[in-house]
$ cat final_26.pdb   # PDB, C-alpha atoms
ATOM      1  CA  MET A  14      21.127  25.561  19.026
ATOM      2  CA  THR A  15      23.643  26.501  16.306
ATOM      3  CA  ARG A  16      27.208  27.357  17.242
ATOM      4  CA  VAL A  17      30.071  28.871  15.241
ATOM      5  CA  ASP A  18      33.133  29.770  17.361
ATOM      6  CA  ASP A  19      32.104  32.712  19.562
ATOM      7  CA  VAL A  20      28.658  33.069  17.994
ATOM      8  CA  VAL A  21      25.695  31.040  19.287
ATOM      9  CA  THR A  22      22.132  31.141  17.929
ATOM     10  CA  VAL A  23      19.248  30.059  20.160
ATOM     11  CA  ARG A  24      15.568  29.687  19.298
ATOM     12  CA  GLY A  25      12.938  31.438  21.383
ATOM     13  CA  GLU A  26      12.961  33.475  24.578
ATOM     14  CA  ARG A  27      12.783  30.447  26.842
ATOM     15  CA  GLU A  28      15.921  28.836  25.413
ATOM     16  CA  LEU A  29      17.681  32.199  25.511
ATOM     17  CA  PHE A  30      17.067  32.629  29.211
ATOM     18  CA  ASP A  31      17.685  28.984  30.041
ATOM     19  CA  ARG A  32      21.172  29.399  28.585
ATOM     20  CA  THR A  33      21.985  32.946  29.717
ATOM     21  CA  ALA A  34      20.124  33.447  33.022
ATOM     22  CA  HIS A  35      23.337  33.018  35.025
ATOM     23  CA  LEU A  36      24.994  35.737  32.935
ATOM     24  CA  PHE A  37      22.126  38.145  33.571
ATOM     25  CA  GLY A  38      22.245  37.301  37.257
ATOM     26  CA  SER A  39      25.920  38.129  37.621
ATOM     27  CA  ALA A  40      26.141  41.139  35.273
ATOM     28  CA  THR A  41      26.781  44.520  36.909
ATOM     29  CA  ASP A  42      26.433  46.654  33.758
ATOM     30  CA  ILE A  43      23.441  46.031  31.490
ATOM     31  CA  ALA A  44      22.761  47.953  28.286
ATOM     32  CA  CYS A  45      19.521  47.174  26.457
ATOM     33  CA  ALA A  46      17.780  48.423  23.317
ATOM     34  CA  ALA A  47      14.329  47.099  22.448
ATOM     35  CA  ASN A  48      11.240  47.888  20.394
ATOM     36  CA  THR A  49       8.855  46.409  22.977
ATOM     37  CA  LEU A  50       8.873  45.334  26.605
ATOM     38  CA  PHE A  51       8.660  41.724  25.444
ATOM     39  CA  THR A  52      11.755  41.484  23.229
ATOM     40  CA  TRP A  53      13.833  40.151  26.108
ATOM     41  CA  ALA A  54      11.062  38.589  28.192
ATOM     42  CA  ALA A  55      10.000  34.973  28.445
ATOM     43  CA  SER A  56       6.398  36.241  28.638
ATOM     44  CA  ARG A  57       4.541  37.514  25.586
ATOM     45  CA  PRO A  58       1.986  40.282  24.928
ATOM     46  CA  GLY A  59      -1.305  39.442  26.571
ATOM     47  CA  THR A  60       0.343  37.861  29.623
ATOM     48  CA  GLY A  61       1.058  41.138  31.403
ATOM     49  CA  VAL A  62       4.213  43.218  31.526
ATOM     50  CA  PRO A  63       7.490  41.515  32.490
ATOM     51  CA  PRO A  64       8.550  41.527  36.159
ATOM     52  CA  VAL A  65      10.709  44.372  37.425
ATOM     53  CA  PRO A  66      14.259  43.070  37.984
ATOM     54  CA  ASP A  67      16.380  43.649  41.057
ATOM     55  CA  LEU A  68      18.966  46.220  39.989
ATOM     56  CA  GLN A  69      20.576  46.877  43.361
ATOM     57  CA  GLY A  70      24.287  47.497  42.852
ATOM     58  CA  ARG A  71      23.948  47.297  39.081
ATOM     59  CA  ARG A  72      23.958  49.852  36.281
ATOM     60  CA  ALA A  73      21.136  49.430  33.785
ATOM     61  CA  ARG A  74      20.499  51.558  30.697
ATOM     62  CA  LYS A  75      17.502  50.901  28.462
ATOM     63  CA  ILE A  76      16.493  52.437  25.134
ATOM     64  CA  TYR A  77      12.980  51.997  23.771
ATOM     65  CA  VAL A  78      11.008  53.349  20.819
ATOM     66  CA  PRO A  79       7.919  55.581  21.306
ATOM     67  CA  SER A  80       5.368  52.783  20.832
ATOM     68  CA  VAL A  81       6.012  51.595  24.405
ATOM     69  CA  LEU A  82       4.405  54.845  25.573
ATOM     70  CA  LEU A  83       1.048  54.039  23.975
ATOM     71  CA  ASP A  84      -0.036  51.658  26.735
ATOM     72  CA  GLU A  85      -0.556  52.784  30.323
ATOM     73  CA  ALA A  86       0.611  49.469  31.814
ATOM     74  CA  SER A  87       3.820  49.678  29.815
ATOM     75  CA  VAL A  88       4.443  53.252  30.938
ATOM     76  CA  GLU A  89       3.886  52.254  34.553
ATOM     77  CA  HIS A  90       6.395  49.426  34.088
ATOM     78  CA  LEU A  91       8.966  51.912  32.788
ATOM     79  CA  ARG A  92       8.327  54.158  35.775
ATOM     80  CA  LEU A  93       8.938  51.217  38.107
ATOM     81  CA  LEU A  94      12.153  50.401  36.274
ATOM     82  CA  ARG A  95      13.250  53.972  36.766
ATOM     83  CA  LYS A  96      12.408  53.783  40.472
ATOM     84  CA  VAL A  97      14.663  50.760  40.965
ATOM     85  CA  GLY A  98      17.546  52.570  39.297
ATOM     86  CA  ALA A  99      17.338  51.977  35.550
ATOM     87  CA  GLN A 100      18.136  54.848  33.215
ATOM     88  CA  ILE A 101      15.547  54.914  30.432
ATOM     89  CA  ARG A 102      15.634  56.818  27.175
ATOM     90  CA  ILE A 103      13.401  56.959  24.112
ATOM     91  CA  THR A 104      14.594  57.168  20.522
ATOM     92  CA  GLU A 105      12.596  57.959  17.409
ATOM     93  CA  ARG A 106      15.207  56.281  15.233
ATOM     94  CA  GLU A 107      15.337  52.625  14.288
ATOM     95  CA  ILE A 108      17.388  50.578  16.717
ATOM     96  CA  ASN A 109      19.107  47.226  16.726
ATOM     97  CA  GLU A 110      17.452  45.218  19.491
ATOM     98  CA  THR A 111      20.438  44.397  21.655
ATOM     99  CA  ILE A 112      21.565  43.498  25.143
ATOM    100  CA  ILE A 113      25.168  43.994  26.246
ATOM    101  CA  LEU A 114      26.361  42.506  29.534
ATOM    102  CA  ASP A 115      29.443  43.997  31.199
ATOM    103  CA  GLY A 116      30.807  44.986  27.801
ATOM    104  CA  ARG A 117      31.816  41.364  27.262
ATOM    105  CA  LEU A 118      28.784  39.637  25.822
ATOM    106  CA  ALA A 119      26.147  40.836  23.373
ATOM    107  CA  ILE A 120      22.790  39.375  22.410
ATOM    108  CA  LEU A 121      21.065  40.378  19.177
ATOM    109  CA  ALA A 122      17.371  39.749  18.490
ATOM    110  CA  ALA A 123      16.384  38.598  15.008
ATOM    111  CA  GLU A 124      13.174  39.585  13.264
ATOM    112  CA  VAL A 125       9.937  38.019  14.479
ATOM    113  CA  THR A 126       8.779  35.188  12.183
ATOM    114  CA  PRO A 127       5.717  32.890  12.204
ATOM    115  CA  ASP A 128       7.972  30.241  13.765
ATOM    116  CA  GLY A 129       9.060  32.539  16.582
ATOM    117  CA  ARG A 130      12.227  34.464  17.152
ATOM    118  CA  SER A 131      15.900  33.593  17.330
ATOM    119  CA  TYR A 132      18.672  35.323  19.253
ATOM    120  CA  THR A 133      22.385  35.470  18.548
ATOM    121  CA  VAL A 134      24.773  35.452  21.502
ATOM    122  CA  LEU A 135      28.250  36.837  20.795
ATOM    123  CA  SER A 136      31.327  36.835  23.017
ATOM    124  CA  ARG A 137      34.099  37.656  20.532
ATOM    125  CA  PRO A 138      35.638  40.931  21.796
ATOM    126  CA  ASP A 139      35.812  42.736  18.448
ATOM    127  CA  LEU A 140      32.155  41.954  17.699
ATOM    128  CA  VAL A 141      31.003  42.981  21.168
ATOM    129  CA  ASN A 142      33.018  46.214  20.976
ATOM    130  CA  GLY A 143      31.420  47.099  17.658
ATOM    131  CA  ILE A 144      27.914  46.462  18.982
ATOM    132  CA  SER A 145      28.731  48.465  22.121
ATOM    133  CA  SER A 146      29.790  51.427  19.985
ATOM    134  CA  LEU A 147      26.459  51.354  18.151
ATOM    135  CA  PHE A 148      24.584  51.264  21.445
ATOM    136  CA  GLU A 149      26.546  54.194  22.848
ATOM    137  CA  ALA A 150      25.777  56.255  19.740
ATOM    138  CA  ALA A 151      22.068  55.427  20.088
ATOM    139  CA  TRP A 152      22.168  56.287  23.793
ATOM    140  CA  ARG A 153      23.722  59.700  23.156
ATOM    141  CA  SER A 154      21.124  60.583  20.511
ATOM    142  CA  SER A 155      18.113  59.419  22.552
ATOM    143  CA  THR A 156      15.999  61.420  25.008
ATOM    144  CA  ASP A 157      15.174  60.845  28.661
ATOM    145  CA  LEU A 158      11.849  59.112  29.301
ATOM    146  CA  ALA A 159      10.455  62.066  31.267
ATOM    147  CA  ALA A 160      10.468  64.274  28.178
ATOM    148  CA  PHE A 161       8.279  61.791  26.286
ATOM    149  CA  GLU A 162       5.809  60.908  29.040
ATOM    150  CA  THR A 163       3.957  64.227  28.833
ATOM    151  CA  ARG A 164       4.210  64.372  25.055
ATOM    152  CA  TYR A 165       2.380  61.049  24.626
ATOM    153  CA  ALA A 166      -0.111  61.310  27.488
ATOM    154  CA  GLU A 167      -3.018  62.549  25.322
ATOM    155  CA  LEU A 168      -2.340  60.099  22.497
ATOM    156  CA  ARG A 169      -2.123  57.199  24.968
ATOM    157  CA  ARG A 170      -5.656  57.931  26.221
ATOM    158  CA  HIS A 171      -7.013  57.657  22.693
ATOM    159  CA  THR A 172      -4.883  54.765  21.402
ATOM    160  CA  PRO A 173      -7.302  51.839  22.103
ATOM    161  CA  ARG A 174     -10.196  53.642  20.392
ATOM    162  CA  LEU A 175      -8.019  54.795  17.501
ATOM    163  CA  LEU A 176      -6.806  51.267  16.813
ATOM    164  CA  ASP A 177     -10.359  49.924  16.879
ATOM    165  CA  LEU A 178     -11.485  52.560  14.400
ATOM    166  CA  LEU A 179      -8.493  52.058  12.109
ATOM    167  CA  LEU A 180      -9.118  48.321  11.967
ATOM    168  CA  SER A 181     -12.852  48.774  11.374
ATOM    169  CA  GLY A 182     -12.175  50.040   7.865
ATOM    170  CA  GLY A 183     -14.584  52.958   8.127
ATOM    171  CA  THR A 184     -14.015  56.401   6.702
ATOM    172  CA  ASP A 185     -12.143  59.104   8.597
ATOM    173  CA  GLU A 186     -15.301  61.155   8.728
ATOM    174  CA  THR A 187     -17.226  58.331  10.410
ATOM    175  CA  ALA A 188     -14.363  57.629  12.808
ATOM    176  CA  ALA A 189     -14.109  61.297  13.778
ATOM    177  CA  ARG A 190     -17.849  61.438  14.536
ATOM    178  CA  THR A 191     -17.591  58.236  16.581
ATOM    179  CA  MET A 192     -14.789  59.745  18.666
ATOM    180  CA  GLY A 193     -16.626  63.051  18.962
ATOM    181  CA  VAL A 194     -13.765  65.070  17.487
ATOM    182  CA  GLY A 195     -13.270  67.080  14.333
ATOM    183  CA  LEU A 196     -11.890  65.448  11.185
ATOM    184  CA  ARG A 197      -8.635  67.401  11.413
ATOM    185  CA  THR A 198      -8.149  66.350  15.035
ATOM    186  CA  TYR A 199      -8.835  62.705  14.212
ATOM    187  CA  ARG A 200      -6.339  62.740  11.372
ATOM    188  CA  ARG A 201      -3.761  64.347  13.659
ATOM    189  CA  TYR A 202      -4.252  61.562  16.186
ATOM    190  CA  VAL A 203      -3.826  58.947  13.445
ATOM    191  CA  ALA A 204      -0.653  60.622  12.156
ATOM    192  CA  GLU A 205       0.788  60.771  15.688
ATOM    193  CA  LEU A 206      -0.135  57.135  16.307
ATOM    194  CA  MET A 207       1.517  55.998  13.075
ATOM    195  CA  ALA A 208       4.642  57.996  13.901
ATOM    196  CA  ALA A 209       4.818  56.467  17.386
ATOM    197  CA  LEU A 210       4.491  52.982  15.872
ATOM    198  CA  GLY A 211       7.058  53.722  13.175
ATOM    199  CA  ALA A 212       4.455  52.875  10.533
ATOM    200  CA  THR A 213       4.231  54.295   7.024
ATOM    201  CA  SER A 214       0.714  53.003   6.324
ATOM    202  CA  ARG A 215      -2.408  52.288   8.334
ATOM    203  CA  PHE A 216      -2.111  48.595   7.537
ATOM    204  CA  GLN A 217       1.436  48.577   8.886
ATOM    205  CA  ALA A 218       0.257  50.486  11.951
ATOM    206  CA  GLY A 219      -2.075  47.601  12.761
ATOM    207  CA  ALA A 220       0.746  45.077  12.393
ATOM    208  CA  ARG A 221       3.107  47.150  14.519
ATOM    209  CA  ALA A 222       0.435  47.600  17.183
ATOM    210  CA  LYS A 223       0.017  43.834  17.368
ATOM    211  CA  GLU A 224       3.788  43.340  17.721
ATOM    212  CA  ALA A 225       3.797  45.899  20.538
ATOM    213  CA  GLY A 226       1.028  44.040  22.385
ATOM    214  CA  LEU A 227      -1.504  46.834  21.869
ATOM    215  CA  LEU A 228      -4.004  44.535  20.113
TER     216      LEU A 228
END
$ encode --input "final_26.pdb" --output "structure tokens"
Amino acid sequence: MTRVDDVVTVRGERELFDRTAHLFGSATDIACAANTLFTWAASRPGTGVPPVPDLQGRRARKIYVPSVLLDEASVEHLRLLRKVGAQIRITEREINETIILDGRLAILAAEVTPDGRSYTVLSRPDLVNGISSLFEAAWRSSTDLAAFETRYAELRRHTPRLLDLLLSGGTDETAARTMGVGLRTYRRYVAELMAALGATSRFQAGARAKEAGLL
């Protein structure tokens, strides 16, 4: 752990929750922005979705990017979160992966590296206020989950096959025949998949899919 005044850096999800679990347990207002369901979870892709927290008596707002809608298990998890009281929105813009607890403490997630991930915990009021302002702006510009569920339903059904075909390195024509769709339809699916993953190339789409736990 590295500490500088009101800024603490911890390494890995386990250390983060070992040191902040009591803060999560007592918080009554939770604001969260994440690219995947696993950003703030001690579990990792391949181990199943994180458990649904007890939100009774607490306000929880969560912002995710569209890639979380490409996996049926993830979508079901979001529906369960909504059932227990969480407000969930989707944004197509880049977000800073952040958690804010009671407007008094903020946690920022660093980029994923081969050595894992680090998290910065901040309690200095001016820093937390600034991060809170960014979250509120992202919240206002995002869209309720319900509007995206229908939009991504068709693409979600095809996502596993699309990813397999993209990684196989075959031509679009061959992939379209394998899927039993026209070339234009196949290319539309690929474009929609890349947009949902926030990818600008097919190679990057594969990397983003792995980060999202889709591979």
$ resolve_selection --input "final_26.pdb" --expression "the PyMOL selection byres ((chain A and resi 219) around 12)" --output "count of residues only"
31
$ resolve_selection --input "final_26.pdb" --expression "the PyMOL selection byres ((chain A and resi 111-123) around 8)" --output "list in words"
Leu36, Phe37, Ala40, Thr41, Asp42, Ile43, Ala44, Cys45, Ala46, Ala47, Thr52, Asn109, Glu110, Glu124, Val125, Arg130, Ser131, Tyr132, Thr133, Val134, Leu135, Ser136, Arg137, Pro138, Val141, Asn142, Ile144 and Ser145 of chain A
$ residues_around --input "final_26.pdb" --residues "A:Leu196" --least-positions-apart "4" --cutoff "8 Å" --atoms "all atoms listed in the file" --output "ChimeraX atom specification"
/A:185-186,189-190,200
$ closest_residue --input "final_26.pdb" --among "A:Arg32, A:Arg164, A:Arg174, A:Arg153" --to "A:Leu82" --atoms "only C-alpha atoms"
A:Arg164
$ atom_distance --input "final_26.pdb" --atom1 "atom CA of A:Val88" --atom2 "atom CA of A:Ser39"
27.1 Å
$ closest_residue --input "final_26.pdb" --among "A:His90, A:Arg95, A:Arg170, A:Lys75" --to "A:Ile108" --atoms "all atoms listed in the file"
A:Lys75
$ resolve_selection --input "final_26.pdb" --expression "the PyMOL selection byres ((chain A and resi 66) around 10)" --output "ChimeraX atom specification"
/A:38,63-65,67-69,93-94,97,99
$ residues_around --input "final_26.pdb" --residues "A:Ser155" --least-positions-apart "3" --cutoff "9 Å" --atoms "only C-alpha atoms" --output "list in words"
Ile76, Arg102, Ile103, Thr104, Glu105, Arg106, Ala150, Ala151 and Trp152 of chain A
$ closest_residue --input "final_26.pdb" --among "A:Asn48, A:Thr198, A:Thr184, A:Thr22" --to "A:His171" --atoms "all atoms listed in the file"
A:Thr198
$ atom_distance --input "final_26.pdb" --atom1 "atom CA of A:Tyr202" --atom2 "atom CA of A:Leu168"
6.8 Å
$ atom_distance --input "final_26.pdb" --atom1 "atom CA of A:Ala209" --atom2 "atom CA of A:Phe161"
10.9 Å
$ closest_residue --input "final_26.pdb" --among "A:Glu107, A:Asp31, A:Glu26, A:Glu205" --to "A:Phe148" --atoms "all atoms listed in the file"
A:Glu107
$ axis_aligned_box --input "final_26.pdb" --around "stretch 188-205 of chain A" --padding-each-side "3 Å" --output "JSON"
{"center_x": -8.5, "center_y": 62.5, "center_z": 15.1, "size_x": 24.6, "size_y": 15.8, "size_z": 13.8}
$ closest_residue --input "final_26.pdb" --among "A:Ala166, A:Ala73, A:Ala204, A:Val20" --to "A:Ile101" --atoms "only C-alpha atoms"
A:Ala73
$ closest_residue --input "final_26.pdb" --among "A:Gly25, A:Arg197, A:Val78, A:Ala208" --to "A:Trp53" --atoms "only C-alpha atoms"
A:Gly25
